[in-house]
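With CSV, C-alpha atoms and all ligand atoms inside, this is my_file_3.csv:
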chain,number,residue,atom,x,y,z
A,1,MET,CA,-1.0,-29.5,-15.7
A,2,SER,CA,2.5,-30.9,-15.5
A,3,SER,CA,3.2,-34.5,-16.5
A,4,LYS,CA,4.3,-34.9,-12.9
A,5,THR,CA,0.7,-34.5,-11.6
A,6,PRO,CA,0.1,-37.4,-9.2
A,7,PRO,CA,-2.7,-39.9,-10.0
A,8,ALA,CA,-6.0,-39.0,-8.4
A,9,PRO,CA,-7.0,-41.1,-5.3
A,10,ALA,CA,-9.9,-43.5,-5.7
A,11,ASP,CA,-12.2,-41.3,-3.7
A,12,ALA,CA,-11.3,-38.1,-5.7
A,13,ALA,CA,-14.9,-37.6,-6.8
A,14,LEU,CA,-16.2,-37.9,-3.3
A,15,ARG,CA,-13.7,-35.4,-2.0
A,16,ARG,CA,-14.5,-32.9,-4.7
A,17,ALA,CA,-18.2,-33.3,-4.0
A,18,ALA,CA,-17.9,-31.5,-0.6
A,19,LYS,CA,-20.4,-28.7,-0.4
A,20,PRO,CA,-19.0,-25.1,-0.4
A,21,THR,CA,-19.7,-23.0,2.7
A,22,VAL,CA,-19.8,-19.3,2.5
A,23,VAL,CA,-17.1,-18.2,5.0
A,24,TYR,CA,-18.7,-15.0,6.1
A,25,PRO,CA,-22.5,-15.1,5.4
A,26,ALA,CA,-24.0,-11.7,5.1
A,27,SER,CA,-26.4,-12.6,7.9
A,28,THR,CA,-23.6,-12.8,10.4
A,29,MET,CA,-22.3,-9.2,9.8
A,30,PRO,CA,-23.8,-6.0,11.1
A,31,ARG,CA,-25.8,-4.5,8.3
A,32,PRO,CA,-25.8,-0.7,7.6
A,33,ASP,CA,-29.2,0.9,7.8
A,34,MET,CA,-29.5,1.9,4.1
A,35,ALA,CA,-32.9,3.6,4.7
A,36,VAL,CA,-31.1,6.2,6.9
A,37,LEU,CA,-28.5,6.8,4.2
A,38,GLU,CA,-31.1,7.1,1.5
A,39,SER,CA,-32.9,9.8,3.5
A,40,ALA,CA,-29.6,11.6,4.2
A,41,ARG,CA,-28.5,11.5,0.6
A,42,HIS,CA,-31.7,13.2,-0.5
A,43,THR,CA,-30.7,16.2,1.6
A,44,MET,CA,-27.0,16.5,0.6
A,45,VAL,CA,-25.4,19.5,-1.0
A,46,LYS,CA,-22.2,19.4,-3.0
A,47,ILE,CA,-19.5,21.4,-1.1
A,48,HIS,CA,-16.3,20.5,-3.0
A,49,GLU,CA,-15.0,18.8,-6.1
A,50,VAL,CA,-11.6,17.6,-7.3
A,51,VAL,CA,-10.7,16.7,-10.9
A,52,VAL,CA,-8.1,13.9,-11.3
A,53,PRO,CA,-6.2,14.4,-14.5
A,54,PRO,CA,-5.5,11.3,-16.7
A,55,ARG,CA,-2.5,9.2,-15.7
A,56,ASN,CA,-2.3,11.2,-12.5
A,57,ALA,CA,-3.9,11.2,-9.0
A,58,ARG,CA,-5.2,13.6,-6.4
A,59,ALA,CA,-5.7,13.4,-2.7
A,60,PHE,CA,-9.0,14.6,-1.0
A,61,ARG,CA,-10.4,14.8,2.5
A,62,VAL,CA,-13.9,13.8,3.6
A,63,SER,CA,-15.4,14.2,7.1
A,64,ARG,CA,-17.3,11.6,8.9
A,65,GLY,CA,-20.9,11.8,7.8
A,66,GLN,CA,-20.3,13.3,4.4
A,67,PHE,CA,-20.8,11.5,1.1
A,68,PHE,CA,-18.4,11.4,-1.8
A,69,ARG,CA,-18.8,10.3,-5.4
A,70,ILE,CA,-16.3,9.2,-8.1
A,71,VAL,CA,-17.8,10.4,-11.4
A,72,SER,CA,-16.9,9.5,-15.0
A,73,ILE,CA,-16.8,12.7,-16.9
A,74,GLU,CA,-15.3,12.6,-20.3
A,75,GLY,CA,-14.9,8.9,-21.3
A,76,PRO,CA,-14.6,5.4,-19.9
A,77,GLN,CA,-11.9,5.5,-17.3
A,78,VAL,CA,-10.9,3.2,-14.4
A,79,GLY,CA,-9.9,4.7,-11.0
A,80,ASP,CA,-7.7,3.2,-8.3
A,81,LEU,CA,-8.9,4.3,-4.8
A,82,ASN,CA,-6.9,4.4,-1.6
A,83,LEU,CA,-8.5,5.4,1.8
A,84,TRP,CA,-6.9,6.2,5.1
A,85,ASN,CA,-8.1,7.3,8.5
A,86,ALA,CA,-7.3,11.0,8.2
A,87,ASP,CA,-6.2,11.1,11.8
A,88,ASP,CA,-4.0,8.0,11.7
A,89,LEU,CA,-2.6,6.7,8.4
A,90,SER,CA,-1.9,3.2,9.9
A,91,GLU,CA,-5.6,2.6,9.6
A,92,ARG,CA,-6.4,2.1,6.0
A,93,PHE,CA,-8.6,0.3,3.5
A,94,PHE,CA,-8.1,-3.5,3.7
A,95,SER,CA,-8.9,-4.9,0.3
A,96,GLY,CA,-8.4,-8.6,1.2
A,97,LYS,CA,-10.7,-8.6,4.2
A,98,THR,CA,-13.3,-6.6,2.3
A,99,ARG,CA,-13.2,-9.3,-0.4
A,100,ALA,CA,-13.6,-12.0,2.2
A,101,LEU,CA,-16.5,-10.3,3.9
A,102,HIS,CA,-18.4,-9.3,0.8
A,103,ALA,CA,-17.2,-10.6,-2.6
A,104,THR,CA,-14.6,-10.2,-5.3
A,105,HIS,CA,-16.6,-7.1,-6.5
A,106,VAL,CA,-18.5,-4.6,-4.3
A,107,GLY,CA,-21.6,-2.5,-4.8
A,108,ALA,CA,-24.3,-0.6,-3.0
A,109,GLY,CA,-24.9,-1.7,0.5
A,110,ASP,CA,-21.3,-3.2,0.8
A,111,ARG,CA,-18.7,-1.6,3.0
A,112,LEU,CA,-15.0,-1.0,2.7
A,113,TRP,CA,-13.2,-2.3,5.9
A,114,SER,CA,-10.0,-1.1,7.5
A,115,THR,CA,-6.9,-2.9,8.5
A,116,MET,CA,-6.3,-4.7,11.8
A,117,PRO,CA,-6.3,-4.0,14.7
A,118,TYR,CA,-9.1,-1.5,13.8
A,119,LEU,CA,-11.2,-3.7,11.4
A,120,ARG,CA,-14.2,-1.5,11.0
A,121,PRO,CA,-16.2,-0.2,8.1
A,122,ILE,CA,-14.7,3.1,6.9
A,123,VAL,CA,-17.2,3.7,4.1
A,124,THR,CA,-20.5,2.3,3.1
A,125,ILE,CA,-21.3,2.3,-0.7
A,126,SER,CA,-24.5,4.3,-0.8
A,127,HIS,CA,-25.2,4.3,-4.6
A,128,ASP,CA,-23.8,2.8,-7.8
A,129,THR,CA,-25.1,3.7,-11.2
A,130,LEU,CA,-23.5,0.5,-12.6
A,131,SER,CA,-25.4,-1.9,-10.4
A,132,TRP,CA,-27.4,-3.0,-13.4
A,133,TYR,CA,-24.2,-4.7,-14.8
A,134,GLY,CA,-24.3,-7.6,-12.3
A,135,TRP,CA,-22.2,-10.6,-13.5
A,136,ASP,CA,-21.7,-11.0,-17.2
A,137,SER,CA,-21.3,-14.3,-19.2
A,138,ASP,CA,-17.5,-14.2,-18.7
A,139,GLY,CA,-18.1,-14.1,-14.9
A,140,ALA,CA,-16.9,-10.5,-14.8
A,141,GLY,CA,-18.2,-7.8,-12.5
A,142,ILE,CA,-17.5,-4.1,-11.7
A,143,HIS,CA,-15.5,-2.4,-8.9
A,144,ASP,CA,-13.2,-5.3,-7.9
A,145,VAL,CA,-11.2,-5.8,-4.7
A,146,ILE,CA,-9.1,-8.5,-6.4
A,147,GLY,CA,-6.4,-6.5,-8.2
A,148,THR,CA,-3.8,-4.6,-6.3
A,149,ARG,CA,-2.9,-1.6,-8.5
A,150,CYS,CA,-0.5,-1.2,-11.5
A,151,ASP,CA,3.0,-0.4,-10.3
A,152,PRO,CA,6.4,0.2,-11.7
A,153,TYR,CA,8.0,-2.7,-9.8
A,154,THR,CA,5.8,-5.4,-11.5
A,155,ASN,CA,6.1,-3.5,-14.7
A,156,LEU,CA,9.9,-3.7,-14.6
A,157,LEU,CA,9.7,-7.3,-13.7
A,158,SER,CA,7.4,-8.3,-16.6
A,159,SER,CA,8.5,-5.9,-19.4
A,160,GLY,CA,11.9,-4.8,-18.3
A,161,THR,CA,11.0,-1.2,-18.8
A,162,GLY,CA,10.4,1.7,-16.4
A,163,TYR,CA,7.1,3.5,-16.4
A,164,ASP,CA,6.5,6.4,-13.9
A,165,PHE,CA,2.7,6.9,-14.2
A,166,CYS,CA,1.3,3.6,-12.9
A,167,CYS,CA,-1.4,4.0,-10.2
A,168,HIS,CA,1.1,3.1,-7.4
A,169,SER,CA,3.3,6.0,-8.5
A,170,ASN,CA,0.4,8.3,-9.1
A,171,LEU,CA,-1.0,7.6,-5.6
A,172,SER,CA,2.4,8.0,-4.1
A,173,ARG,CA,2.8,11.5,-5.7
A,174,ALA,CA,-0.7,12.5,-4.6
A,175,LEU,CA,-0.2,11.5,-1.0
A,176,ALA,CA,3.3,13.1,-1.0
A,177,ALA,CA,1.9,16.4,-2.3
A,178,GLU,CA,-0.8,16.3,0.4
A,179,LEU,CA,1.7,15.6,3.2
A,180,LYS,CA,4.4,17.8,1.6
A,181,VAL,CA,7.1,15.1,1.5
A,182,GLU,CA,8.8,13.1,-1.3
A,183,PRO,CA,6.9,10.2,-2.9
A,184,CYS,CA,9.5,7.6,-1.7
A,185,ALA,CA,8.8,8.7,1.9
A,186,VAL,CA,5.1,7.8,1.7
A,187,GLU,CA,4.8,5.0,-0.9
A,188,HIS,CA,4.7,2.4,1.9
A,189,HIS,CA,1.3,3.9,2.8
A,190,ILE,CA,-0.1,3.1,-0.7
A,191,HIS,CA,-2.1,-0.1,-0.5
A,192,ASP,CA,-4.3,-2.5,-2.5
A,193,VAL,CA,-7.0,-0.5,-4.1
A,194,LEU,CA,-10.7,-0.5,-4.8
A,195,ASN,CA,-10.7,-0.8,-8.6
A,196,VAL,CA,-13.4,1.7,-9.3
A,197,PHE,CA,-15.4,1.1,-12.6
A,198,MET,CA,-12.9,-1.7,-13.6
A,199,CYS,CA,-14.5,-4.8,-15.2
A,200,THR,CA,-12.7,-7.9,-14.1
A,201,GLY,CA,-13.0,-11.6,-13.4
A,202,PHE,CA,-11.1,-14.9,-13.4
A,203,THR,CA,-10.9,-17.0,-16.6
A,204,LYS,CA,-13.0,-20.1,-16.3
A,205,ASP,CA,-10.3,-22.5,-17.6
A,206,THR,CA,-7.2,-21.2,-15.9
A,207,HIS,CA,-8.6,-19.0,-13.2
A,208,GLN,CA,-6.3,-16.1,-14.2
A,209,TYR,CA,-7.2,-12.5,-13.4
A,210,PHE,CA,-8.6,-10.8,-16.5
A,211,MET,CA,-9.9,-7.3,-17.4
A,212,LYS,CA,-12.2,-6.2,-20.1
A,213,ALA,CA,-13.4,-2.8,-21.3
A,214,SER,CA,-15.2,-0.9,-18.5
A,215,PRO,CA,-18.9,-0.3,-19.2
A,216,VAL,CA,-18.7,3.1,-17.4
A,217,ARG,CA,-19.9,6.1,-19.4
A,218,PRO,CA,-19.8,9.8,-18.6
A,219,GLY,CA,-22.4,10.6,-15.9
A,220,ASP,CA,-21.9,7.2,-14.1
A,221,PHE,CA,-20.8,7.4,-10.5
A,222,ILE,CA,-20.2,5.3,-7.4
A,223,GLU,CA,-21.0,7.0,-4.1
A,224,PHE,CA,-19.7,6.4,-0.6
A,225,PHE,CA,-20.8,7.4,2.9
A,226,ALA,CA,-17.8,8.3,5.1
A,227,GLU,CA,-18.0,6.4,8.5
A,228,ILE,CA,-14.8,8.0,9.8
A,229,ASN,CA,-12.7,11.1,8.8
A,230,LEU,CA,-11.0,10.1,5.6
A,231,LEU,CA,-8.0,11.0,3.6
A,232,GLY,CA,-8.4,9.5,0.1
A,233,ALA,CA,-6.4,9.4,-3.1
A,234,LEU,CA,-7.7,8.5,-6.5
A,235,SER,CA,-5.6,7.6,-9.6
A,236,ALA,CA,-6.9,7.8,-13.1
A,237,CYS,CA,-5.3,4.5,-14.3
A,238,PRO,CA,-3.0,4.7,-17.3
A,239,GLY,CA,-5.0,1.7,-18.6
A,240,GLY,CA,-7.9,4.1,-19.3
A,241,ASP,CA,-11.0,1.7,-19.6
A,242,CYS,CA,-8.6,-1.2,-19.0
A,243,SER,CA,-9.7,-3.0,-22.2
A,244,ALA,CA,-6.3,-4.0,-23.3
A,245,THR,CA,-3.2,-2.5,-21.7
A,246,HIS,CA,-2.0,-0.7,-18.6
A,247,SER,CA,1.4,0.6,-17.4
A,248,SER,CA,2.0,2.6,-20.6
A,249,ASP,CA,1.0,5.7,-22.5
A,250,VAL,CA,-0.9,3.7,-25.2
A,251,ALA,CA,-4.5,3.6,-23.8
A,252,ALA,CA,-6.9,6.5,-24.2
A,253,CYS,CA,-7.3,8.1,-20.7
A,254,TYR,CA,-9.8,10.5,-19.3
A,255,PRO,CA,-10.1,12.5,-16.1
A,256,LEU,CA,-12.3,11.4,-13.2
A,257,LYS,CA,-14.1,13.8,-10.8
A,258,ILE,CA,-14.4,13.5,-7.0
A,259,GLU,CA,-17.5,15.2,-5.6
A,260,ILE,CA,-18.0,15.7,-1.9
A,261,PHE,CA,-21.4,16.3,-0.3
A,262,GLU,CA,-22.7,17.5,3.1
A,263,PRO,CA,-26.1,16.0,4.2
A,264,ASP,CA,-28.5,17.5,6.7
A,265,ARG,CA,-27.0,15.9,9.8
A,266,THR,CA,-30.3,15.5,11.5
A,267,THR,CA,-31.1,12.8,9.0
A,268,LEU,CA,-28.2,10.7,10.5
A,269,GLY,CA,-29.5,10.9,14.1
A,270,THR,CA,-29.8,7.2,14.5
A,271,TRP,CA,-26.6,6.2,12.7
A,272,THR,CA,-24.2,3.9,14.6
A,273,TRP,CA,-20.7,5.2,14.0
A,274,PRO,CA,-18.2,2.3,13.9
A,275,LEU,CA,-15.6,2.0,16.6
A,276,PRO,CA,-12.2,0.2,16.3
A,277,SER,CA,-12.5,-3.5,17.0
A,278,GLU,CA,-12.8,-4.3,20.8
A,279,TYR,CA,-10.5,-7.4,20.5
A,280,HIS,CA,-8.2,-7.2,23.6
A,281,ARG,CA,-5.0,-7.8,21.5
A,282,ARG,CA,-3.3,-10.2,23.9
A,283,HIS,CA,-3.2,-12.9,21.2
A,284,GLY,CA,-3.1,-15.7,23.7
A,285,THR,CA,-0.5,-14.2,26.1
A,286,PRO,CA,-1.5,-14.0,29.8
A,287,ALA,CA,-3.6,-11.0,30.8
A,301,ZN,ZN,-3.7,1.4,-12.7
How does this structure look as structure tokens?
Ligand SMILES: [Zn+2]
Amino acid sequence: MSSKTPPAPADAALRRAAKPTVVYPASTMPRPDMAVLESARHTMVKIHEVVVPPRNARAFRVSRGQFFRIVSIEGPQVGDLNLWNADDLSERFFSGKTRALHATHVGAGDRLWSTMPYLRPIVTISHDTLSWYGWDSDGAGIHDVIGTRCDPYTNLLSSGTGYDFCCHSNLSRALAAELKVEPCAVEHHIHDVLNVFMCTGFTKDTHQYFMKASPVRPGDFIEFFAEINLLGALSACPGGDCSATHSSDVAACYPLKIEIFEPDRTTLGTWTWPLPSEYHRRHGTPA
């Protein structure tokens, strides 16, 4: 605190004692029918896989109704995930709203939401082998929607050095390769990520974003059900397990695997596919 901090008012304790209210209680949101997904996932067959090399990224496509997994295969490794509507890149994963609707970290039963004006679930998390982790004594959890992604711009700002294999650059290269253009032509499509397998929280004293070694081990996976046709990109972060550093070639890094599965579609018969928001978009102007 600065020495210029003004004195607290006489009723400071009373003001601080106001009770917190959860902004978006789970009971107010439409809930996915996890029993349907559970029956579907028991019928699914792997149809494709993509290996993401360390300090690199790969794009992948998943059709509505398919499942996909991000799998740890050789050692503890964090992944930075971007998702777009495969038919319209302007609809993409909205990390901030997902955080507001669910929590700082997401897990099975939570959904990843898309940007406005669409604002709909684009995936539902159908399984997570790290769900046992919960919240640790530092207040950290797994799979955060807090961090944005490591990037060369912040790196240059903070260290004064250039580094080309941050997740932002990796994702830009992967999307550019998929769309057959140069990275600089598509980097504006890269957005705040789901930090897959990353273990993070806020320090209790200063509330700063911190990371600690990911508890992920080979064989662990997080699994998603695609609610729309998706184009995805996954970066194997240069921070490796993100125990100490990122944005450099120092950390031990491992590949990640993306596996795509097709279920027996008859098991999804009662699924309600999410439509774009029905808000009229007049924003207060006359109809
Ligand atoms: Zn990264």
Mind dumping a table of every chain A residue within 9 Å of ligand ZN 301 (chain A), with the nearest atom pair and its distance in Å to one decimal, using only C-alpha atoms and all ligand atoms, sorted by chain and rising number, as CSV?
residue,atom,partner,partner_atom,distance
A:Arg55,CA,A:ZN301,ZN,8.4
A:Val78,CA,A:ZN301,ZN,7.6
A:Gly79,CA,A:ZN301,ZN,7.2
A:Asp80,CA,A:ZN301,ZN,6.2
A:Thr148,CA,A:ZN301,ZN,8.8
A:Arg149,CA,A:ZN301,ZN,5.2
A:Cys150,CA,A:ZN301,ZN,4.3
A:Asp151,CA,A:ZN301,ZN,7.3
A:Phe165,CA,A:ZN301,ZN,8.6
A:Cys166,CA,A:ZN301,ZN,5.5
A:Cys167,CA,A:ZN301,ZN,4.3
A:His168,CA,A:ZN301,ZN,7.3
A:Asn170,CA,A:ZN301,ZN,8.8
A:Asn195,CA,A:ZN301,ZN,8.4
A:Ser235,CA,A:ZN301,ZN,7.2
A:Ala236,CA,A:ZN301,ZN,7.2
A:Cys237,CA,A:ZN301,ZN,3.8
A:Pro238,CA,A:ZN301,ZN,5.7
A:Gly239,CA,A:ZN301,ZN,6.0
A:Gly240,CA,A:ZN301,ZN,8.3
A:Cys242,CA,A:ZN301,ZN,8.4
A:His246,CA,A:ZN301,ZN,6.5
A:Ser247,CA,A:ZN301,ZN,7.0
Just C-alpha atoms for this one: save the residues we selected as a short mmCIF file (atom, residue, chain, number, x, y, z; two decimals), keeping the file's coordinate frame.
data_model
loop_
_atom_site.label_atom_id
_atom_site.label_comp_id
_atom_site.auth_asym_id
_atom_site.auth_seq_id
_atom_site.Cartn_x
_atom_site.Cartn_y
_atom_site.Cartn_z
CA ARG A 55 -2.50 9.20 -15.70
CA VAL A 78 -10.90 3.20 -14.40
CA GLY A 79 -9.90 4.70 -11.00
CA ASP A 80 -7.70 3.20 -8.30
CA THR A 148 -3.80 -4.60 -6.30
CA ARG A 149 -2.90 -1.60 -8.50
CA CYS A 150 -0.50 -1.20 -11.50
CA ASP A 151 3.00 -0.40 -10.30
CA PHE A 165 2.70 6.90 -14.20
CA CYS A 166 1.30 3.60 -12.90
CA CYS A 167 -1.40 4.00 -10.20
CA HIS A 168 1.10 3.10 -7.40
CA ASN A 170 0.40 8.30 -9.10
CA ASN A 195 -10.70 -0.80 -8.60
CA SER A 235 -5.60 7.60 -9.60
CA ALA A 236 -6.90 7.80 -13.10
CA CYS A 237 -5.30 4.50 -14.30
CA PRO A 238 -3.00 4.70 -17.30
CA GLY A 239 -5.00 1.70 -18.60
CA GLY A 240 -7.90 4.10 -19.30
CA CYS A 242 -8.60 -1.20 -19.00
CA HIS A 246 -2.00 -0.70 -18.60
CA SER A 247 1.40 0.60 -17.40
#
Mind pulling up the distance from CA of Phe68 in chain A to CA of Ile125 in chain A?
->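 CA of Phe68 in chain A lies at a distance of 9.6 Å from CA of Ile125 in chain A.
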From A:Asp110, A:Glu187, A:Asp164, A:Glu38, residue lying nearest Asp249 in chain A [only C-alpha atoms] |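 When distances to Asp249 in chain A are compared using only C-alpha atoms, the smallest one comes from A:Asp164.
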Just need the box for range 212-225 of chain A, edges along x, y and z, holding every atom the file lists for it with 6 Å tacked onto each side, so centre and edge lengths in Å to one decimal, as JSON.
{"center_x": -17.3, "center_y": 2.2, "center_z": -9.2, "size_x": 22.2, "size_y": 28.8, "size_z": 36.2}
Any idea what's packed within 10 Å of Ile228 in chain A, counting only C-alpha atoms, ignoring anything in its chain fewer than 3 positions away? Could you give it as a compact mmCIF listing (two decimals) with C-alpha atoms, in the coordinates of the input?
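As written to disk, selection.txt reads:
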# COMPACT_ATOMS: atom_id res chain seq x y z
CA VAL A 62 -13.90 13.80 3.60
CA SER A 63 -15.40 14.20 7.10
CA ARG A 64 -17.30 11.60 8.90
CA GLY A 65 -20.90 11.80 7.80
CA GLN A 66 -20.30 13.30 4.40
CA TRP A 84 -6.90 6.20 5.10
CA ASN A 85 -8.10 7.30 8.50
CA ALA A 86 -7.30 11.00 8.20
CA ASP A 87 -6.20 11.10 11.80
CA ARG A 120 -14.20 -1.50 11.00
CA PRO A 121 -16.20 -0.20 8.10
CA ILE A 122 -14.70 3.10 6.90
CA VAL A 123 -17.20 3.70 4.10
CA PHE A 225 -20.80 7.40 2.90
CA LEU A 231 -8.00 11.00 3.60
CA TRP A 273 -20.70 5.20 14.00
CA PRO A 274 -18.20 2.30 13.90
CA LEU A 275 -15.60 2.00 16.60
Under the rule of at most 6 Å, produce a per-residue listing of range 171-237 of chain A near range 126-145 of chain A: chain, number, name, the closest pair of atoms, and the distance in Å, as a Markdown table, using all atoms listed in the file.
| residue | atom | partner | partner_atom | distance |
| --- | --- | --- | --- | --- |
| A:Leu194 | CA | A:Val145 | CA | 5.3 |
| A:Asn195 | CA | A:His143 | CA | 5.1 |
| A:Val196 | CA | A:His143 | CA | 4.6 |
| A:Phe197 | CA | A:His143 | CA | 5.1 |
| A:Met198 | CA | A:His143 | CA | 5.4 |
| A:Cys199 | CA | A:Ile142 | CA | 4.7 |
| A:Thr200 | CA | A:Ala140 | CA | 5.0 |
| A:Gly201 | CA | A:Ala140 | CA | 4.3 |
| A:Asp220 | CA | A:Thr129 | CA | 5.6 |
| A:Phe221 | CA | A:Thr129 | CA | 5.7 |
| A:Ile222 | CA | A:Asp128 | CA | 4.4 |
| A:Glu223 | CA | A:His127 | CA | 5.0 |
| A:Phe224 | CA | A:Ser126 | CA | 5.2 |
Residues near Lys97 in chain A, cut-off 9 Å, only C-alpha atoms, skip fewer than 3 positions along chain, as a VMD selection string = chain A and resid 94 100 to 102 112 to 115 119
Please check which residues have atoms at most 12 Å from (-3.3, -9.9, -6.4) in the file's coordinates, counting only C-alpha atoms, and write them as a list in words.
-> Ser95, Gly96, Arg99, Thr104, Asp144, Val145, Ile146, Gly147, Thr148, Arg149, Cys150, Thr154, His191, Asp192, Val193, Asn195, Phe202, Gln208, Tyr209 and Phe210 of chain A
Rounded to one decimal in Å, what is the spacing between CA of Pro30 in chain A and CA of Thr98 in chain A?
->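 Going from CA of Pro30 in chain A over to CA of Thr98 in chain A covers 13.7 Å.
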Separation of CA of Ser169 in chain A from CA of Ile70 in chain A, in Å and rounded to one decimal = 19.9 Å
Rank nothing, just name the residue among A:Arg92, A:Asn155, A:Asn229, A:Gly107 nearest to His188 in chain A, using all atoms listed in the file.
-> A:Arg92
Every residue with an atom at most 12 Å from (-7.6, -4.2, 22.1) (file coordinates; only C-alpha atoms) is what I'm after, so could you write them as an mmCIF file with C-alpha atoms, keeping the file's coordinate frame?
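Result file is result.cif:
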data_model
loop_
_atom_site.group_PDB
_atom_site.id
_atom_site.type_symbol
_atom_site.label_atom_id
_atom_site.label_comp_id
_atom_site.auth_asym_id
_atom_site.auth_seq_id
_atom_site.Cartn_x
_atom_site.Cartn_y
_atom_site.Cartn_z
ATOM 1 C CA MET A 116 -6.300 -4.700 11.800
ATOM 2 C CA PRO A 117 -6.300 -4.000 14.700
ATOM 3 C CA TYR A 118 -9.100 -1.500 13.800
ATOM 4 C CA LEU A 119 -11.200 -3.700 11.400
ATOM 5 C CA LEU A 275 -15.600 2.000 16.600
ATOM 6 C CA PRO A 276 -12.200 0.200 16.300
ATOM 7 C CA SER A 277 -12.500 -3.500 17.000
ATOM 8 C CA GLU A 278 -12.800 -4.300 20.800
ATOM 9 C CA TYR A 279 -10.500 -7.400 20.500
ATOM 10 C CA HIS A 280 -8.200 -7.200 23.600
ATOM 11 C CA ARG A 281 -5.000 -7.800 21.500
ATOM 12 C CA ARG A 282 -3.300 -10.200 23.900
ATOM 13 C CA HIS A 283 -3.200 -12.900 21.200
ATOM 14 C CA ALA A 287 -3.600 -11.000 30.800
#
For Leu175 in chain A, which residue among A:Ser39, A:Asn82, A:Thr272, A:Gln77 is the nearest when counting all atoms listed in the file?
->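 The closest residue to Leu175 in chain A is A:Asn82.
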Choose the residue, out of A:Ala174, A:Leu37, A:Ala244, A:Ile258, that has the smallest atom-to-atom separation from Ser72 in chain A; count only C-alpha atoms.
->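 Of A:Ala174, A:Leu37, A:Ala244, A:Ile258, the one nearest Ser72 in chain A, counting only C-alpha atoms, is A:Ile258.
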